[in-house]
$ cat structure30.cif   # mmCIF, C-alpha atoms
data_entry
loop_
_atom_site.label_atom_id
_atom_site.label_comp_id
_atom_site.auth_asym_id
_atom_site.auth_seq_id
_atom_site.Cartn_x
_atom_site.Cartn_y
_atom_site.Cartn_z
CA MET A 1 82.68 168.23 37.61
CA SER A 2 79.17 169.62 37.99
CA ASP A 3 78.07 173.17 37.27
CA GLY A 4 76.10 173.03 40.56
CA LYS A 5 72.78 173.99 38.95
CA SER A 6 71.69 171.48 36.37
CA GLY A 7 73.60 168.52 37.76
CA GLN A 8 75.23 168.21 34.31
CA ILE A 9 78.69 166.64 34.33
CA ASP A 10 81.30 168.45 32.27
CA THR A 11 83.69 166.28 30.36
CA VAL A 12 87.05 165.70 32.03
CA MET A 13 88.48 165.37 28.50
CA HIS A 14 88.10 169.12 27.84
CA GLU A 15 91.43 170.19 26.41
CA THR A 16 92.52 173.35 24.62
CA ARG A 17 96.27 172.87 24.04
CA LEU A 18 97.27 172.65 20.38
CA PHE A 19 100.33 170.90 18.92
CA PRO A 20 100.93 171.83 15.28
CA PRO A 21 103.18 169.51 13.27
CA SER A 22 106.67 170.83 12.52
CA GLU A 23 107.20 172.78 9.31
CA GLU A 24 109.51 170.04 8.11
CA PHE A 25 106.79 167.38 8.64
CA ALA A 26 104.07 169.50 7.03
CA SER A 27 106.20 170.36 3.99
CA LYS A 28 106.49 166.67 3.07
CA ALA A 29 103.00 165.54 4.09
CA ALA A 30 100.42 164.30 1.57
CA ILE A 31 97.93 166.74 3.12
CA GLY A 32 100.34 169.42 4.29
CA SER A 33 98.06 172.03 5.84
CA LEU A 34 94.59 172.67 7.20
CA GLU A 35 93.88 174.55 3.95
CA ALA A 36 94.84 171.50 1.85
CA TYR A 37 92.63 169.32 4.04
CA GLN A 38 89.75 171.80 3.76
CA ALA A 39 90.09 171.88 -0.03
CA LEU A 40 89.91 168.06 -0.18
CA TYR A 41 86.94 168.07 2.21
CA ASP A 42 85.12 170.75 0.21
CA GLN A 43 85.70 168.85 -3.02
CA ALA A 44 84.28 165.65 -1.51
CA LYS A 45 81.31 167.47 0.00
CA ALA A 46 80.45 169.45 -3.14
CA ASP A 47 80.22 166.37 -5.36
CA PRO A 48 80.83 163.09 -3.48
CA VAL A 49 79.85 160.98 -6.48
CA LYS A 50 82.42 162.61 -8.76
CA PHE A 51 85.04 162.68 -5.96
CA TRP A 52 84.88 158.94 -5.23
CA GLY A 53 84.29 158.00 -8.87
CA ASP A 54 87.47 159.76 -10.00
CA LEU A 55 89.45 158.17 -7.15
CA ALA A 56 88.11 154.70 -7.92
CA ARG A 57 89.26 154.96 -11.55
CA GLU A 58 92.73 156.18 -10.51
CA GLU A 59 93.39 153.99 -7.47
CA LEU A 60 91.91 150.55 -8.20
CA HIS A 61 92.46 148.09 -11.03
CA TRP A 62 89.28 147.32 -12.99
CA PHE A 63 88.80 144.20 -15.11
CA GLU A 64 85.64 145.90 -16.34
CA PRO A 65 84.96 149.61 -15.76
CA PHE A 66 81.94 150.67 -13.71
CA GLY A 67 79.07 152.58 -15.28
CA GLU A 68 77.32 154.35 -12.41
CA THR A 69 79.41 155.52 -9.44
CA LEU A 70 76.59 155.36 -6.87
CA GLU A 71 73.14 153.81 -6.86
CA TRP A 72 71.45 155.12 -3.72
CA ASN A 73 68.10 153.72 -2.63
CA GLU A 74 67.96 154.56 1.05
CA PRO A 75 69.19 152.86 3.13
CA PHE A 76 70.95 150.80 0.44
CA ALA A 77 74.00 152.10 -1.39
CA LYS A 78 75.75 150.36 -4.28
CA TRP A 79 79.11 151.74 -5.32
CA PHE A 80 80.80 151.53 -8.74
CA VAL A 81 77.87 149.66 -10.26
CA GLY A 82 78.71 147.13 -12.96
CA GLY A 83 82.47 147.35 -12.39
CA LYS A 84 84.60 144.25 -11.86
CA THR A 85 87.71 144.28 -9.67
CA ASN A 86 89.48 142.08 -7.08
CA VAL A 87 90.86 143.18 -3.71
CA SER A 88 93.65 140.56 -3.74
CA TYR A 89 94.72 141.87 -7.18
CA ASN A 90 94.74 145.45 -5.85
CA CYS A 91 96.84 144.38 -2.84
CA LEU A 92 99.33 142.22 -4.74
CA ASP A 93 99.30 141.96 -8.56
CA GLN A 94 99.14 145.76 -8.99
CA HIS A 95 102.60 146.04 -7.41
CA LEU A 96 104.28 143.22 -9.34
CA THR A 97 104.83 145.34 -12.45
CA THR A 98 106.57 148.04 -10.35
CA TRP A 99 109.75 148.28 -8.25
CA ARG A 100 107.63 147.26 -5.25
CA ARG A 101 107.64 143.60 -6.26
CA ASN A 102 110.84 143.15 -4.22
CA LYS A 103 109.72 145.46 -1.41
CA ALA A 104 108.84 143.95 1.99
CA ALA A 105 105.05 143.58 2.16
CA ILE A 106 104.86 141.90 5.58
CA ILE A 107 107.52 141.91 8.29
CA TRP A 108 106.47 139.37 10.90
CA GLU A 109 107.80 138.54 14.34
CA GLY A 110 106.48 135.70 16.46
CA GLU A 111 106.34 135.97 20.22
CA PRO A 112 109.30 133.57 20.72
CA GLY A 113 111.39 135.83 18.45
CA ASP A 114 111.14 133.94 15.14
CA GLN A 115 110.96 136.26 12.12
CA ARG A 116 109.89 136.24 8.49
CA THR A 117 109.75 138.87 5.79
CA LEU A 118 107.61 138.40 2.69
CA THR A 119 108.12 140.64 -0.33
CA TYR A 120 105.13 141.48 -2.51
CA GLN A 121 106.30 138.85 -4.99
CA GLN A 122 106.65 136.16 -2.29
CA LEU A 123 103.33 137.08 -0.69
CA HIS A 124 101.62 136.88 -4.09
CA ARG A 125 103.02 133.38 -4.59
CA GLU A 126 101.84 132.19 -1.15
CA VAL A 127 98.38 133.68 -1.66
CA CYS A 128 98.04 131.98 -5.07
CA ARG A 129 99.06 128.65 -3.54
CA PHE A 130 96.55 128.92 -0.73
CA ALA A 131 93.81 130.10 -3.10
CA ASN A 132 94.40 126.87 -5.04
CA VAL A 133 94.23 124.90 -1.77
CA LEU A 134 90.81 126.43 -1.05
CA LYS A 135 89.63 125.56 -4.56
CA SER A 136 90.86 121.97 -4.09
CA LEU A 137 88.68 121.74 -0.96
CA GLY A 138 85.63 122.70 -3.00
CA VAL A 139 85.44 126.40 -2.14
CA VAL A 140 83.56 128.41 -4.77
CA PRO A 141 82.69 132.13 -4.91
CA GLY A 142 80.27 133.07 -2.14
CA ASP A 143 81.33 130.26 0.23
CA VAL A 144 82.25 131.38 3.74
CA VAL A 145 85.67 130.46 5.17
CA SER A 146 85.99 130.74 8.95
CA ILE A 147 89.47 131.76 10.19
CA TYR A 148 90.55 131.20 13.82
CA MET A 149 94.31 131.69 13.77
CA PRO A 150 97.23 133.32 15.60
CA MET A 151 98.80 136.50 14.22
CA THR A 152 101.03 134.81 11.64
CA PRO A 153 101.54 135.75 7.98
CA GLU A 154 99.26 132.80 7.10
CA LEU A 155 96.32 134.69 8.59
CA ALA A 156 96.83 137.52 6.07
CA ILE A 157 97.55 134.95 3.33
CA ALA A 158 94.24 133.20 4.05
CA MET A 159 92.30 136.49 3.93
CA LEU A 160 93.88 137.49 0.61
CA ALA A 161 93.39 133.98 -0.83
CA CYS A 162 89.67 134.14 -0.04
CA ALA A 163 89.45 137.58 -1.67
CA ARG A 164 91.28 136.24 -4.72
CA ILE A 165 88.65 133.59 -5.53
CA GLY A 166 85.53 135.39 -4.29
CA ALA A 167 85.14 133.43 -1.05
CA VAL A 168 83.91 135.39 1.98
CA HIS A 169 86.13 135.27 5.06
CA SER A 170 84.96 135.44 8.65
CA VAL A 171 87.95 136.07 10.94
CA ILE A 172 87.32 135.14 14.57
CA PHE A 173 89.69 136.50 17.22
CA ALA A 174 91.86 133.60 18.42
CA GLY A 175 91.00 134.21 22.07
CA PHE A 176 87.28 133.50 21.67
CA SER A 177 85.58 130.39 23.06
CA ALA A 178 84.38 127.32 21.15
CA GLU A 179 80.82 128.58 21.70
CA ALA A 180 81.66 131.92 20.03
CA ILE A 181 83.23 130.12 17.04
CA ALA A 182 80.21 127.82 16.63
CA ASP A 183 77.77 130.77 16.86
CA ARG A 184 79.60 132.62 14.12
CA ASN A 185 80.06 129.52 11.94
CA ASN A 186 76.37 128.71 12.12
CA ASP A 187 75.19 132.24 11.49
CA ALA A 188 77.43 132.55 8.41
CA GLN A 189 77.00 128.90 7.32
CA ALA A 190 80.78 128.54 7.07
CA LYS A 191 82.00 125.76 4.80
CA ILE A 192 85.71 125.57 5.72
CA GLN A 193 87.50 126.16 9.03
CA LEU A 194 91.11 127.42 9.13
CA THR A 195 93.09 127.20 12.37
CA ALA A 196 96.51 126.30 13.81
CA ASP A 197 97.80 123.71 16.25
CA GLY A 198 98.29 126.66 18.61
CA GLY A 199 99.65 130.15 19.09
CA TRP A 200 101.94 131.87 21.60
CA ARG A 201 100.70 134.24 24.30
CA ARG A 202 102.89 135.36 27.21
CA GLY A 203 105.19 132.40 26.76
CA LYS A 204 102.38 129.86 26.88
CA VAL A 205 100.80 127.88 24.05
CA LEU A 206 97.14 128.59 23.33
CA ASP A 207 95.72 125.26 22.16
CA LEU A 208 93.61 126.56 19.28
CA LYS A 209 92.90 123.23 17.59
CA SER A 210 91.17 121.64 20.60
CA THR A 211 88.94 124.74 20.93
CA VAL A 212 88.07 124.40 17.25
CA ASP A 213 87.33 120.67 17.68
CA VAL A 214 84.67 121.51 20.28
CA ALA A 215 83.26 124.26 18.03
CA LEU A 216 83.07 121.96 15.01
CA GLU A 217 80.89 119.49 16.93
CA LYS A 218 78.30 122.29 16.86
CA SER A 219 79.09 123.65 13.37
CA PRO A 220 77.31 121.26 10.97
CA SER A 221 77.94 123.42 7.87
CA VAL A 222 81.75 123.09 8.18
CA GLU A 223 83.01 120.30 5.93
CA LYS A 224 86.81 120.55 6.26
CA CYS A 225 89.40 122.02 8.61
CA VAL A 226 92.93 123.14 7.65
CA VAL A 227 95.50 123.28 10.45
CA LEU A 228 98.69 125.37 10.38
CA ARG A 229 101.72 123.92 12.19
CA ARG A 230 102.76 126.80 14.44
CA VAL A 231 103.77 125.52 17.90
CA GLY A 232 104.64 121.91 17.05
CA ASN A 233 102.24 120.15 19.40
CA GLU A 234 100.33 117.07 18.19
CA PRO A 235 96.62 117.88 18.08
CA LEU A 236 94.00 115.26 17.29
CA MET A 237 93.38 115.17 13.53
CA GLN A 238 90.06 113.76 12.34
CA GLU A 239 90.50 111.56 9.27
CA GLY A 240 88.76 113.00 6.21
CA ARG A 241 87.97 116.33 7.88
CA ASP A 242 91.29 117.74 9.10
CA PHE A 243 94.30 118.52 6.89
CA TRP A 244 97.73 119.99 7.58
CA TRP A 245 98.23 123.39 5.95
CA ASP A 246 101.78 122.69 4.71
CA ASP A 247 100.82 119.32 3.14
CA LEU A 248 98.11 121.00 1.06
CA VAL A 249 100.24 124.02 0.12
CA GLU A 250 103.15 121.83 -0.96
CA ALA A 251 100.94 120.12 -3.53
CA ALA A 252 99.39 123.38 -4.82
CA SER A 253 100.40 125.43 -7.86
CA ASP A 254 101.57 129.01 -7.32
CA LYS A 255 99.61 130.22 -10.36
CA CYS A 256 96.09 131.48 -9.66
CA ASP A 257 94.56 134.37 -11.54
CA ALA A 258 92.46 136.75 -9.46
CA THR A 259 88.75 136.27 -10.21
CA PRO A 260 87.09 139.40 -11.65
CA LEU A 261 84.35 140.15 -9.10
CA ASP A 262 81.43 142.53 -9.20
CA SER A 263 82.10 145.67 -7.17
CA GLU A 264 79.35 144.68 -4.71
CA THR A 265 80.56 141.08 -4.14
CA PRO A 266 80.81 140.37 -0.38
CA LEU A 267 84.46 140.45 0.77
CA PHE A 268 84.12 139.51 4.43
CA ILE A 269 81.80 139.16 7.40
CA LEU A 270 83.05 140.37 10.75
CA TYR A 271 81.07 139.77 13.91
CA THR A 272 80.81 142.50 16.45
CA SER A 273 79.88 141.48 19.97
CA GLY A 274 76.57 143.29 19.94
CA SER A 275 74.21 144.33 22.70
CA THR A 276 71.57 142.03 21.24
CA GLY A 277 72.76 138.88 23.00
CA LYS A 278 73.98 137.25 19.82
CA PRO A 279 76.86 138.53 17.70
CA LYS A 280 75.95 140.80 14.79
CA GLY A 281 77.61 140.03 11.46
CA ILE A 282 78.73 143.09 9.52
CA LYS A 283 79.22 142.46 5.80
CA HIS A 284 81.61 144.53 3.72
CA THR A 285 81.64 144.32 -0.06
CA THR A 286 84.53 144.60 -2.49
CA ALA A 287 85.24 147.89 -4.25
CA GLY A 288 83.88 150.57 -1.93
CA TYR A 289 85.60 149.05 1.09
CA ASN A 290 88.88 148.58 -0.81
CA LEU A 291 89.02 152.20 -1.97
CA TYR A 292 88.02 153.55 1.45
CA ALA A 293 90.60 151.43 3.34
CA LYS A 294 93.37 152.38 0.90
CA LYS A 295 92.72 156.13 0.83
CA THR A 296 92.09 156.53 4.57
CA PHE A 297 95.33 154.64 5.21
CA GLU A 298 97.28 156.94 2.87
CA TRP A 299 95.67 160.16 4.08
CA VAL A 300 95.48 159.56 7.84
CA PHE A 301 98.92 157.96 8.25
CA ASP A 302 100.61 160.17 5.63
CA HIS A 303 102.13 157.01 4.19
CA ARG A 304 105.39 157.32 2.24
CA ASP A 305 107.00 154.62 0.16
CA ASP A 306 109.98 154.05 2.43
CA ASP A 307 107.92 153.82 5.65
CA VAL A 308 107.80 150.79 7.92
CA TYR A 309 104.32 150.84 9.44
CA TRP A 310 103.05 148.93 12.47
CA CYS A 311 99.46 148.61 13.58
CA THR A 312 99.52 146.62 16.85
CA ALA A 313 95.94 145.32 16.52
CA ASP A 314 94.88 141.74 15.79
CA CYS A 315 93.34 140.74 12.46
CA GLY A 316 90.40 139.43 14.49
CA TRP A 317 89.17 143.04 14.71
CA ILE A 318 88.17 145.49 11.98
CA THR A 319 91.33 147.54 12.67
CA GLY A 320 93.38 144.52 11.58
CA HIS A 321 91.34 144.02 8.41
CA SER A 322 91.53 147.66 7.29
CA TYR A 323 94.86 148.82 8.68
CA ILE A 324 97.09 145.74 8.82
CA VAL A 325 96.01 143.98 5.63
CA TYR A 326 93.80 145.69 3.06
CA GLY A 327 94.65 149.40 3.45
CA PRO A 328 98.45 149.10 3.71
CA LEU A 329 98.86 146.37 1.06
CA SER A 330 96.64 148.21 -1.45
CA ALA A 331 98.91 151.23 -0.89
CA GLY A 332 102.09 149.17 -1.40
CA ALA A 333 103.21 149.68 2.21
CA THR A 334 105.44 147.57 4.45
CA THR A 335 103.20 146.35 7.27
CA VAL A 336 104.49 144.79 10.50
CA MET A 337 102.67 141.88 12.19
CA TYR A 338 103.52 140.76 15.73
CA GLU A 339 102.08 137.59 17.23
CA GLY A 340 102.34 138.03 20.97
CA ALA A 341 101.81 140.14 24.05
CA PRO A 342 103.32 143.62 24.54
CA ASN A 343 104.91 142.55 27.83
CA TRP A 344 106.60 139.30 26.86
CA PRO A 345 109.30 138.41 27.73
CA ALA A 346 109.49 141.90 29.27
CA GLU A 347 107.61 145.20 29.28
CA ASP A 348 109.85 146.68 26.58
CA ARG A 349 108.85 144.30 23.75
CA PHE A 350 107.10 146.98 21.66
CA TRP A 351 110.00 149.43 21.99
CA SER A 352 112.52 146.74 21.06
CA LEU A 353 110.50 145.97 17.89
CA ILE A 354 110.42 149.66 16.91
CA GLU A 355 114.18 149.92 17.36
CA LYS A 356 114.88 146.62 15.58
CA TYR A 357 112.77 147.26 12.45
CA ARG A 358 113.25 151.07 12.44
CA ILE A 359 109.49 151.53 12.48
CA ASN A 360 108.29 154.95 11.29
CA ILE A 361 104.55 154.83 12.03
CA LEU A 362 103.09 153.28 15.20
CA TYR A 363 99.32 152.77 15.54
CA THR A 364 98.12 151.44 18.90
CA ALA A 365 95.31 151.80 21.46
CA PRO A 366 94.85 154.16 24.44
CA THR A 367 94.40 151.07 26.67
CA ALA A 368 97.88 149.90 25.67
CA ILE A 369 99.34 153.40 26.17
CA ARG A 370 97.92 153.55 29.71
CA ALA A 371 99.47 150.12 30.43
CA PHE A 372 102.86 151.34 29.13
CA ILE A 373 102.70 154.35 31.48
CA LYS A 374 101.96 152.07 34.42
CA TRP A 375 104.86 149.75 33.54
CA GLY A 376 107.32 152.64 33.73
CA ASP A 377 109.50 154.86 31.56
CA GLU A 378 112.62 152.76 32.16
CA HIS A 379 111.38 150.22 29.58
CA VAL A 380 111.15 152.97 26.93
CA ASP A 381 114.48 154.58 27.88
CA LYS A 382 116.43 151.44 26.93
CA HIS A 383 115.54 151.85 23.25
CA ASP A 384 116.19 154.20 20.33
CA LEU A 385 112.79 155.31 19.00
CA SER A 386 114.18 158.05 16.74
CA SER A 387 112.88 156.28 13.59
CA LEU A 388 109.27 157.18 14.54
CA ARG A 389 107.74 160.11 12.66
CA LEU A 390 103.98 159.63 13.17
CA LEU A 391 101.90 158.08 15.97
CA GLY A 392 98.30 156.93 15.89
CA THR A 393 95.70 155.87 18.42
CA VAL A 394 92.54 153.85 17.81
CA GLY A 395 89.71 152.54 19.93
CA GLU A 396 88.24 154.50 22.81
CA GLY A 397 89.00 158.17 23.38
CA ILE A 398 92.48 159.02 24.67
CA ASN A 399 92.76 161.05 27.87
CA PRO A 400 95.06 164.12 27.88
CA GLU A 401 97.60 162.55 30.27
CA ALA A 402 98.06 159.49 28.05
CA TRP A 403 98.23 161.71 24.95
CA MET A 404 100.97 163.86 26.48
CA TRP A 405 103.00 160.85 27.58
CA TYR A 406 102.66 159.26 24.12
CA HIS A 407 103.65 162.54 22.46
CA GLU A 408 106.66 163.28 24.72
CA LYS A 409 107.95 159.85 25.68
CA ILE A 410 107.31 157.80 22.53
CA GLY A 411 107.23 160.56 19.92
CA GLY A 412 110.05 162.60 21.46
CA GLY A 413 107.84 165.68 21.15
CA ARG A 414 108.34 165.65 17.36
CA CYS A 415 105.72 163.14 16.10
CA PRO A 416 102.19 164.28 15.27
CA ILE A 417 99.48 161.99 16.71
CA VAL A 418 96.48 161.01 14.61
CA ASP A 419 93.55 160.07 16.84
CA THR A 420 91.15 157.86 14.91
CA TRP A 421 87.72 156.59 15.88
CA TRP A 422 85.31 154.53 13.79
CA GLN A 423 83.28 151.31 13.86
CA THR A 424 83.17 147.81 12.46
CA GLU A 425 80.17 149.10 10.49
CA THR A 426 82.09 151.87 8.69
CA GLY A 427 85.20 149.73 8.21
CA GLY A 428 87.70 152.59 8.22
#
$ encode --input "structure30.cif" --output "structure tokens"
Amino acid sequence: MSDGKSGQIDTVMHETRLFPPSEEFASKAAIGSLEAYQALYDQAKADPVKFWGDLAREELHWFEPFGETLEWNEPFAKWFVGGKTNVSYNCLDQHLTTWRRNKAAIIWEGEPGDQRTLTYQQLHREVCRFANVLKSLGVVPGDVVSIYMPMTPELAIAMLACARIGAVHSVIFAGFSAEAIADRNNDAQAKIQLTADGGWRRGKVLDLKSTVDVALEKSPSVEKCVVLRRVGNEPLMQEGRDFWWDDLVEAASDKCDATPLDSETPLFILYTSGSTGKPKGIKHTTAGYNLYAKKTFEWVFDHRDDDVYWCTADCGWITGHSYIVYGPLSAGATTVMYEGAPNWPAEDRFWSLIEKYRINILYTAPTAIRAFIKWGDEHVDKHDLSSLRLLGTVGEGINPEAWMWYHEKIGGGRCPIVDTWWQTETGG
């Protein structure tokens, strides 16, 4: 709408309605009021170095303590200088000496309906095994491992195994072309490629391995390729280069100490499809990212120990790195992973998952919410969503109509909605 004089367009998102959380919700929340939030904000603003330094000592495990909290030579910042930690240790080993060792870390459901649950103890074992597999393939700290996989637990296992030994992972969304994989492999000089024989999407098999084969013809730095058996097809396997995931894991020990890494050791590279014609690689380092992902997860989603939390993103995006894997697991949460499409075999798949696993926190995108509205309320009405207590949205801005539908229809009018926005660059 124009004001008629300047030709300026007012935002159609202008919205003044307020929806305070219930007293019952606020009384149990980690940050229970605007005053409590303001106090935390003021503390961080008054002395950010002390604020984050104190949190880092409390929240992360340190093999060697850091000396200086922040070394700031614009535009370069180094956090927790001289400290040694390990993100895989903070996500897994930290919990093994507590009751959480037998808590579900990952609840996974594949598109065809197959399911797996991994406790923290089981996930730790799998990560150690795969870390040893990577070592056996010649991976040393600083090497880049390229990951092009479906949303299976092995994707998270691979990320955590890289973090455990100081390898840098580059996760590539498993819908990208061979050209996109090769571009990213060459830019990062990836040494190892991880993939699967395929993945499921809307009832069809995506043939991931053949896409990778084309990419590897143009990725001279990649020496070996590990292939997960997921869909049971028979891809071409190149002698000497390609190995089956389960064959390697079977032969590997489940003992692998986490490598003490400098706080500024690179953790991962993630490519954002930039406006520059070629993808831009964003590099995140170890300790600062780990602390930020953990604390923003706990604060924004008001995480409680008995929650089942589901972020519907893919690990190919930064949301999946921060809020499926590293944030929730550092916090000792139960994180849900789902492989497939939201409308397979029918438009109620998401609601059936919420009912089945009694999910408490749902984090999804406005694009998805608008699709759900279009598909119709009858798909929601079939399911009991009373386990939900908090909703989140991420990605582009959410329009008021979608917000109201999400609040009323999915949240039953009782669930606060946290609306998050951020970039690959900030990481959380």
$ resolve_selection --input "structure30.cif" --expression "the PyMOL selection byres ((chain A and resi 399-405) around 8)" --output "PyMOL selection string"
chain A and resi 13+15+366+369-370+373+397-398+406-410
$ write_last_selection --input "structure30.cif" --atoms "C-alpha atoms" --output "PDB file, keeping the file's coordinate frame"
ATOM      1  CA  MET A  13      88.480 165.370  28.500  1.00  0.00           C
ATOM      2  CA  GLU A  15      91.430 170.190  26.410  1.00  0.00           C
ATOM      3  CA  PRO A 366      94.850 154.160  24.440  1.00  0.00           C
ATOM      4  CA  ILE A 369      99.340 153.400  26.170  1.00  0.00           C
ATOM      5  CA  ARG A 370      97.920 153.550  29.710  1.00  0.00           C
ATOM      6  CA  ILE A 373     102.700 154.350  31.480  1.00  0.00           C
ATOM      7  CA  GLY A 397      89.000 158.170  23.380  1.00  0.00           C
ATOM      8  CA  ILE A 398      92.480 159.020  24.670  1.00  0.00           C
ATOM      9  CA  TYR A 406     102.660 159.260  24.120  1.00  0.00           C
ATOM     10  CA  HIS A 407     103.650 162.540  22.460  1.00  0.00           C
ATOM     11  CA  GLU A 408     106.660 163.280  24.720  1.00  0.00           C
ATOM     12  CA  LYS A 409     107.950 159.850  25.680  1.00  0.00           C
ATOM     13  CA  ILE A 410     107.310 157.800  22.530  1.00  0.00           C
TER      14      ILE A 410
END
$ closest_residue --input "structure30.cif" --among "A:Asn132, A:Ser219, A:Thr312, A:Ser22" --to "Ala365 of chain A" --atoms "only C-alpha atoms"
A:Thr312
$ resolve_selection --input "structure30.cif" --expression "the PyMOL selection byres ((chain A and resi 382-389) around 6)" --output "list in words"
Glu355, Arg358, Ile359, Asn360, Ile361, His379, Val380, Asp381, Leu390 and Cys415 of chain A
$ write_last_selection --input "structure30.cif" --atoms "C-alpha atoms" --output "PDB file, in the coordinates of the input"
ATOM      1  CA  GLU A 355     114.180 149.920  17.360  1.00  0.00           C
ATOM      2  CA  ARG A 358     113.250 151.070  12.440  1.00  0.00           C
ATOM      3  CA  ILE A 359     109.490 151.530  12.480  1.00  0.00           C
ATOM      4  CA  ASN A 360     108.290 154.950  11.290  1.00  0.00           C
ATOM      5  CA  ILE A 361     104.550 154.830  12.030  1.00  0.00           C
ATOM      6  CA  HIS A 379     111.380 150.220  29.580  1.00  0.00           C
ATOM      7  CA  VAL A 380     111.150 152.970  26.930  1.00  0.00           C
ATOM      8  CA  ASP A 381     114.480 154.580  27.880  1.00  0.00           C
ATOM      9  CA  LEU A 390     103.980 159.630  13.170  1.00  0.00           C
ATOM     10  CA  CYS A 415     105.720 163.140  16.100  1.00  0.00           C
TER      11      CYS A 415
END
$ closest_residue --input "structure30.cif" --among "A:Phe51, A:Trp317, A:Tyr41, A:Tyr338" --to "Trp108 of chain A" --atoms "all atoms listed in the file"
A:Tyr338
$ resolve_selection --input "structure30.cif" --expression "the PyMOL selection byres ((chain A and resi 96) around 12)" --output "PyMOL selection string"
chain A and resi 89-95+97-103+105+119-125+332
$ build_atoms --input "structure30.cif" --residues "segment 114-129 of chain A" --atoms "N, CA and C atoms" --output "short mmCIF file (atom, residue, chain, number, x, y, z; two decimals), in the coordinates of the input"
data_model
loop_
_atom_site.label_atom_id
_atom_site.label_comp_id
_atom_site.auth_asym_id
_atom_site.auth_seq_id
_atom_site.Cartn_x
_atom_site.Cartn_y
_atom_site.Cartn_z
N ASP A 114 110.93 134.36 16.53
CA ASP A 114 111.14 133.94 15.14
C ASP A 114 110.63 135.04 14.20
N GLN A 115 111.27 135.15 13.03
CA GLN A 115 110.96 136.26 12.12
C GLN A 115 110.83 135.78 10.68
N ARG A 116 109.99 136.48 9.94
CA ARG A 116 109.89 136.24 8.49
C ARG A 116 109.57 137.56 7.80
N THR A 117 110.13 137.73 6.63
CA THR A 117 109.75 138.87 5.79
C THR A 117 109.28 138.32 4.46
N LEU A 118 108.14 138.80 4.00
CA LEU A 118 107.61 138.40 2.69
C LEU A 118 107.56 139.63 1.79
N THR A 119 108.23 139.56 0.65
CA THR A 119 108.12 140.64 -0.33
C THR A 119 106.76 140.51 -1.02
N TYR A 120 106.40 141.54 -1.79
CA TYR A 120 105.13 141.48 -2.51
C TYR A 120 105.09 140.27 -3.45
N GLN A 121 106.23 139.99 -4.08
CA GLN A 121 106.30 138.85 -4.99
C GLN A 121 106.10 137.53 -4.24
N GLN A 122 106.77 137.39 -3.10
CA GLN A 122 106.65 136.16 -2.29
C GLN A 122 105.24 136.02 -1.72
N LEU A 123 104.68 137.13 -1.25
CA LEU A 123 103.33 137.08 -0.69
C LEU A 123 102.32 136.68 -1.76
N HIS A 124 102.49 137.22 -2.95
CA HIS A 124 101.62 136.88 -4.09
C HIS A 124 101.66 135.37 -4.35
N ARG A 125 102.86 134.81 -4.33
CA ARG A 125 103.02 133.38 -4.59
C ARG A 125 102.30 132.54 -3.53
N GLU A 126 102.48 132.92 -2.26
CA GLU A 126 101.84 132.19 -1.15
C GLU A 126 100.32 132.29 -1.22
N VAL A 127 99.84 133.47 -1.56
CA VAL A 127 98.38 133.68 -1.66
C VAL A 127 97.81 132.84 -2.79
N CYS A 128 98.50 132.81 -3.93
CA CYS A 128 98.04 131.98 -5.07
C CYS A 128 97.99 130.50 -4.67
N ARG A 129 99.03 130.05 -3.99
CA ARG A 129 99.06 128.65 -3.54
C ARG A 129 97.86 128.34 -2.65
#
